[in-house]
$ cat coords-v6.cif   # mmCIF, C-alpha atoms
data_structure
loop_
_atom_site.label_atom_id
_atom_site.label_comp_id
_atom_site.auth_asym_id
_atom_site.auth_seq_id
_atom_site.Cartn_x
_atom_site.Cartn_y
_atom_site.Cartn_z
CA GLN R 1 -0.89 4.37 7.24
CA LYS R 2 2.33 6.35 7.06
CA GLU R 3 5.19 5.06 4.93
CA VAL R 4 7.56 5.37 7.89
CA GLU R 5 6.53 4.71 11.48
CA GLN R 6 8.60 5.78 14.44
CA ASP R 7 7.73 5.59 18.12
CA PRO R 8 7.54 9.22 19.26
CA GLY R 9 8.58 8.41 22.81
CA PRO R 10 9.49 10.26 24.88
CA LEU R 11 12.27 7.94 25.95
CA SER R 12 14.29 8.59 29.11
CA VAL R 13 17.32 6.52 30.05
CA PRO R 14 20.13 6.94 32.60
CA GLU R 15 23.53 8.11 31.47
CA GLY R 16 25.73 5.27 30.26
CA ALA R 17 22.82 3.10 29.09
CA ILE R 18 22.48 1.61 25.63
CA VAL R 19 19.70 3.26 23.67
CA SER R 20 17.79 1.57 20.89
CA LEU R 21 15.75 3.65 18.46
CA ASN R 22 13.69 2.06 15.73
CA CYS R 23 11.67 2.72 12.59
CA THR R 24 9.54 0.50 10.44
CA TYR R 25 8.57 1.24 6.88
CA SER R 26 6.20 -0.08 4.27
CA ASN R 27 7.78 0.99 0.97
CA SER R 28 10.00 -1.85 -0.23
CA ALA R 29 11.65 0.52 -2.73
CA PHE R 30 13.53 2.31 0.04
CA GLN R 31 17.24 1.55 -0.23
CA TYR R 32 18.96 4.46 1.47
CA PHE R 33 18.53 4.92 5.19
CA MET R 34 19.60 7.76 7.42
CA TRP R 35 19.41 8.88 11.01
CA TYR R 36 19.23 12.55 11.90
CA ARG R 37 19.56 14.21 15.28
CA GLN R 38 17.61 17.36 16.02
CA TYR R 39 18.29 19.48 19.07
CA SER R 40 15.58 21.76 20.36
CA ARG R 41 15.10 24.82 18.15
CA LYS R 42 17.68 23.59 15.65
CA GLY R 43 17.57 21.94 12.26
CA PRO R 44 18.21 18.20 11.86
CA GLU R 45 21.80 17.08 11.35
CA LEU R 46 22.88 13.84 9.71
CA LEU R 47 24.24 11.19 12.07
CA MET R 48 24.42 8.00 10.05
CA TYR R 49 23.85 6.91 6.46
CA THR R 50 23.50 3.31 5.28
CA TYR R 51 22.70 1.67 2.01
CA SER R 52 20.59 -1.49 1.84
CA SER R 53 20.79 -4.09 4.60
CA GLY R 54 23.58 -4.41 7.12
CA ASN R 55 25.29 -2.62 9.97
CA LYS R 56 27.36 0.52 10.12
CA GLU R 57 29.29 1.74 13.13
CA ASP R 58 30.55 5.23 13.89
CA GLY R 59 31.95 5.74 17.35
CA ARG R 60 29.19 5.17 19.88
CA PHE R 61 26.55 4.92 17.17
CA THR R 62 25.54 1.81 15.23
CA ALA R 63 22.92 1.77 12.50
CA GLN R 64 21.25 -1.46 11.44
CA VAL R 65 19.04 -2.10 8.45
CA ASP R 66 16.95 -5.22 7.95
CA LYS R 67 15.24 -4.84 4.60
CA SER R 68 13.52 -8.22 4.84
CA SER R 69 11.67 -7.01 7.92
CA LYS R 70 11.50 -3.37 6.77
CA TYR R 71 13.04 -2.36 10.06
CA ILE R 72 15.91 -0.04 10.89
CA SER R 73 17.57 0.70 14.21
CA LEU R 74 20.01 3.13 15.74
CA PHE R 75 21.95 2.07 18.82
CA ILE R 76 23.73 4.55 21.04
CA ARG R 77 26.31 3.08 23.44
CA ASP R 78 27.50 4.78 26.61
CA SER R 79 24.80 7.41 26.24
CA GLN R 80 25.65 10.95 27.34
CA PRO R 81 23.44 13.86 28.40
CA SER R 82 24.56 15.60 25.20
CA ASP R 83 22.75 12.85 23.26
CA SER R 84 19.43 14.23 24.51
CA ALA R 85 17.62 15.25 21.34
CA THR R 86 14.97 14.11 18.90
CA TYR R 87 16.15 11.38 16.54
CA LEU R 88 14.56 11.08 13.13
CA CYS R 89 14.94 8.24 10.72
CA ALA R 90 14.81 9.06 7.03
CA MET R 91 14.83 6.97 3.90
CA SER R 92 14.78 7.25 0.16
CA ALA R 93 14.23 5.03 -2.85
CA ILE R 94 16.65 6.95 -5.01
CA PHE R 95 20.29 7.87 -4.65
CA GLY R 96 20.61 11.42 -3.47
CA ASN R 97 18.64 13.59 -1.17
CA GLU R 98 15.50 14.10 -3.16
CA LYS R 99 12.23 13.21 -1.52
CA LEU R 100 13.58 11.92 1.76
CA THR R 101 10.76 10.41 3.79
CA PHE R 102 11.17 11.07 7.49
CA GLY R 103 9.77 9.40 10.56
CA THR R 104 8.09 11.67 13.08
CA GLY R 105 11.04 11.44 15.46
CA THR R 106 11.73 9.95 18.89
CA ARG R 107 12.42 12.36 21.71
CA LEU R 108 15.30 11.04 23.83
CA THR R 109 16.44 12.30 27.24
CA ILE R 110 19.60 11.01 28.90
CA ILE R 111 19.39 11.47 32.65
CA PRO R 112 22.73 12.32 34.35
CA ASP C 1 26.08 26.55 12.73
CA SER C 2 25.21 24.71 9.50
CA GLY C 3 25.89 27.71 7.27
CA VAL C 4 22.30 27.75 5.98
CA THR C 5 20.55 31.00 6.87
CA GLN C 6 16.80 31.36 7.09
CA THR C 7 14.74 34.48 7.65
CA PRO C 8 12.54 35.34 9.39
CA LYS C 9 13.01 33.09 12.42
CA HIS C 10 9.48 33.69 13.66
CA LEU C 11 6.41 34.96 11.86
CA ILE C 12 2.82 35.42 13.01
CA THR C 13 0.22 36.20 10.41
CA ALA C 14 -3.53 35.99 9.86
CA THR C 15 -5.47 33.48 7.82
CA GLY C 16 -5.75 34.40 4.17
CA GLN C 17 -2.46 36.28 4.14
CA ARG C 18 0.68 35.63 2.13
CA VAL C 19 4.22 35.28 3.46
CA THR C 20 7.66 34.76 1.97
CA LEU C 21 10.36 32.73 3.68
CA ARG C 22 13.92 33.26 2.58
CA CYS C 23 16.89 30.93 2.55
CA SER C 24 20.57 31.46 1.85
CA PRO C 25 22.33 28.14 1.26
CA ARG C 26 25.85 27.30 2.37
CA SER C 27 28.49 28.94 0.25
CA GLY C 28 28.95 26.94 -2.93
CA ASP C 29 25.90 24.69 -2.46
CA LEU C 30 23.79 24.38 -5.59
CA SER C 31 20.83 22.41 -4.21
CA VAL C 32 18.19 23.89 -1.95
CA TYR C 33 15.43 21.90 -0.29
CA TRP C 34 12.34 23.05 1.58
CA TYR C 35 10.73 20.96 4.31
CA GLN C 36 7.71 21.50 6.54
CA GLN C 37 7.75 20.15 10.10
CA SER C 38 4.56 19.90 12.11
CA LEU C 39 3.77 17.95 15.27
CA ASP C 40 1.36 15.54 13.64
CA GLN C 41 3.00 15.07 10.22
CA GLY C 42 6.67 15.24 11.09
CA LEU C 43 9.18 16.47 8.53
CA GLN C 44 7.67 16.60 5.05
CA PHE C 45 9.62 17.25 1.86
CA LEU C 46 8.14 20.10 -0.14
CA ILE C 47 10.43 20.91 -3.05
CA GLN C 48 14.03 20.93 -4.26
CA TYR C 49 15.87 23.30 -6.57
CA TYR C 50 19.21 22.66 -8.20
CA ASN C 51 21.10 25.58 -9.66
CA GLY C 52 17.93 27.55 -10.29
CA GLU C 53 15.83 24.73 -11.71
CA GLU C 54 13.12 22.76 -9.96
CA ARG C 55 14.54 19.29 -9.36
CA ALA C 56 11.99 17.36 -7.29
CA LYS C 57 8.58 18.00 -5.86
CA GLY C 58 6.98 16.51 -2.79
CA ASN C 59 3.70 17.20 -1.03
CA ILE C 60 3.69 20.90 -1.77
CA LEU C 61 0.28 22.54 -1.86
CA GLU C 62 -0.75 24.59 -4.87
CA ARG C 63 -0.99 27.62 -2.57
CA PHE C 64 2.76 27.28 -1.99
CA SER C 65 5.46 28.10 -4.50
CA ALA C 66 9.21 28.43 -4.44
CA GLN C 67 12.04 29.63 -6.57
CA GLN C 68 15.82 29.73 -6.57
CA PHE C 69 17.49 32.85 -7.82
CA PRO C 70 20.73 33.25 -9.83
CA ASP C 71 22.65 33.97 -6.63
CA LEU C 72 21.31 30.59 -5.37
CA HIS C 73 19.21 31.95 -2.54
CA SER C 74 15.69 30.61 -2.43
CA GLU C 75 12.28 31.83 -1.38
CA LEU C 76 9.22 29.87 -0.34
CA ASN C 77 5.96 31.72 -0.88
CA LEU C 78 2.92 30.66 1.12
CA SER C 79 -0.42 32.20 0.17
CA SER C 80 -4.05 32.05 1.29
CA LEU C 81 -2.73 30.85 4.61
CA GLU C 82 -4.79 28.51 6.75
CA LEU C 83 -4.47 27.62 10.42
CA GLY C 84 -3.11 24.22 9.41
CA ASP C 85 -0.14 25.86 7.68
CA SER C 86 1.30 26.73 11.08
CA ALA C 87 4.57 24.81 11.22
CA LEU C 88 8.32 25.04 11.21
CA TYR C 89 9.67 25.47 7.70
CA PHE C 90 13.20 24.30 7.08
CA CYS C 91 15.51 25.07 4.25
CA ALA C 92 18.42 22.74 3.59
CA SER C 93 21.24 22.78 1.08
CA SER C 94 23.77 20.42 -0.40
CA SER C 95 26.67 20.79 -2.77
CA GLY C 96 25.18 19.04 -5.75
CA GLU C 97 23.24 16.19 -7.18
CA GLY C 98 23.52 12.69 -5.86
CA TYR C 99 24.20 11.78 -2.30
CA ASN C 100 26.06 14.15 -0.11
CA THR C 101 25.21 15.54 3.27
CA ILE C 102 22.39 18.03 3.35
CA TYR C 103 22.63 20.83 5.88
CA PHE C 104 19.52 22.22 7.49
CA GLY C 105 18.97 25.77 8.60
CA GLU C 106 17.39 26.57 11.93
CA GLY C 107 13.95 27.00 10.44
CA SER C 108 11.27 29.65 10.21
CA TRP C 109 8.44 29.31 12.71
CA LEU C 110 5.17 30.27 11.07
CA THR C 111 2.08 30.77 13.19
CA VAL C 112 -1.21 31.45 11.42
CA VAL C 113 -3.89 32.93 13.64
#
$ encode --input "coords-v6.cif" --output "structure tokens"
Amino acid sequence: QKEVEQDPGPLSVPEGAIVSLNCTYSNSAFQYFMWYRQYSRKGPELLMYTYSSGNKEDGRFTAQVDKSSKYISLFIRDSQPSDSATYLCAMSAIFGNEKLTFGTGTRLTIIP
Amino acid sequence: DSGVTQTPKHLITATGQRVTLRCSPRSGDLSVYWYQQSLDQGLQFLIQYYNGEERAKGNILERFSAQQFPDLHSELNLSSLELGDSALYFCASSSGEGYNTIYFGEGSWLTVV
């Protein structure tokens, strides 16, 4: 079993919809949680970073962490065609970027 | 453009061969990371260098090695290549130790035939 599980999708939603992306994990030592966005033929770019449990909001994006359930989510409000990409969750047990463990990514398409 | 430069962008080689992937980090960044991305395994951390020294090691095979040079560019050497080594190899960089945003290059596509 992988340390981080992520539904690969693909997920297609109409423009303007709320998107929910999720990851589950098994390593209780993970404390730092990130969401990356990867456009086709590009490298991943950091979207959101959270520490421990709780919510964090940045514009149309909200990241949630529930450590008791070992479950993290990314919500995208008012989704736009430009949000079409692969979204990867990542997590780490230590402060810093060493040994980030990534999910396999969810491919999202926003339909105009 | 993240500022991280990787060469070559695409590479096709035969099994048993050796290749070198090169990475130039963002100006001023001291940390370099190498990741492997394949369809079935996702993005896997291989190794990190900080200011020329190996800092952290992930699931890097013994056939693979890396180094960071005094000018901070890094090379990932892959030898005795197997079909299963076909993947997208990313280099990323960050300004230092501890948390700060890491910036990924656009990757080097390696196909082993």
$ residues_around --input "coords-v6.cif" --residues "stretch 76-79 of chain C" --least-positions-apart "2" --cutoff "9 Å" --atoms "only C-alpha atoms" --output "count of residues only"
18
$ resolve_selection --input "coords-v6.cif" --expression "the PyMOL selection byres ((chain R and resi 74-86) around 9)" --output "MDAnalysis selection string"
chainID R and resid 8 10 12:23 35:40 44 48 59:64 72:73 87:89 105:112
$ interface_residues --input "coords-v6.cif" --of "chain R" --to "chain C" --cutoff "8 Å" --atoms "only C-alpha atoms" --output "number ranges by chain"
R: 41-46, 95-105
$ atom_distance --input "coords-v6.cif" --atom1 "atom CA of R:Thr50" --atom2 "atom CA of R:Ser92"
10.9 Å
$ resolve_selection --input "coords-v6.cif" --expression "the PyMOL selection byres ((chain R and resi 66) around 10)" --output "ChimeraX atom specification"
/R:24,52-55,64-65,67-73
$ atom_distance --input "coords-v6.cif" --atom1 "atom CA of C:Tyr50" --atom2 "atom CA of R:Ile94"
16.2 Å
$ atom_distance --input "coords-v6.cif" --atom1 "atom CA of C:Leu72" --atom2 "atom CA of C:Gly52"
6.7 Å
$ residues_around --input "coords-v6.cif" --residues "C:His10" --least-positions-apart "6" --cutoff "8 Å" --atoms "all atoms listed in the file" --output "JSON, numbers by chain"
{"C": [108, 109, 110, 111]}
$ residues_near_point --input "coords-v6.cif" --point "(20.5, 29.3, -6.8)" --cutoff "6 Å" --atoms "all atoms listed in the file" --output "ChimeraX atom specification"
/C:51-52,68-73
$ resolve_selection --input "coords-v6.cif" --expression "the PyMOL selection byres ((chain R and resi 31) around 6)" --output "PDB file with C-alpha atoms, keeping the file's coordinate frame"
ATOM      1  CA  PHE R  30      13.530   2.310   0.040  1.00  0.00           C
ATOM      2  CA  TYR R  32      18.960   4.460   1.470  1.00  0.00           C
ATOM      3  CA  TYR R  51      22.700   1.670   2.010  1.00  0.00           C
ATOM      4  CA  SER R  52      20.590  -1.490   1.840  1.00  0.00           C
ATOM      5  CA  ALA R  93      14.230   5.030  -2.850  1.00  0.00           C
TER       6      ALA R  93
END
$ closest_residue --input "coords-v6.cif" --among "C:Ile60, C:Val113, C:Pro25, C:Ser80" --to "C:Gly3" --atoms "all atoms listed in the file"
C:Pro25
$ closest_residue --input "coords-v6.cif" --among "C:Leu61, C:Ile12, C:Gln6, C:Val112" --to "C:Ser86" --atoms "only C-alpha atoms"
C:Val112
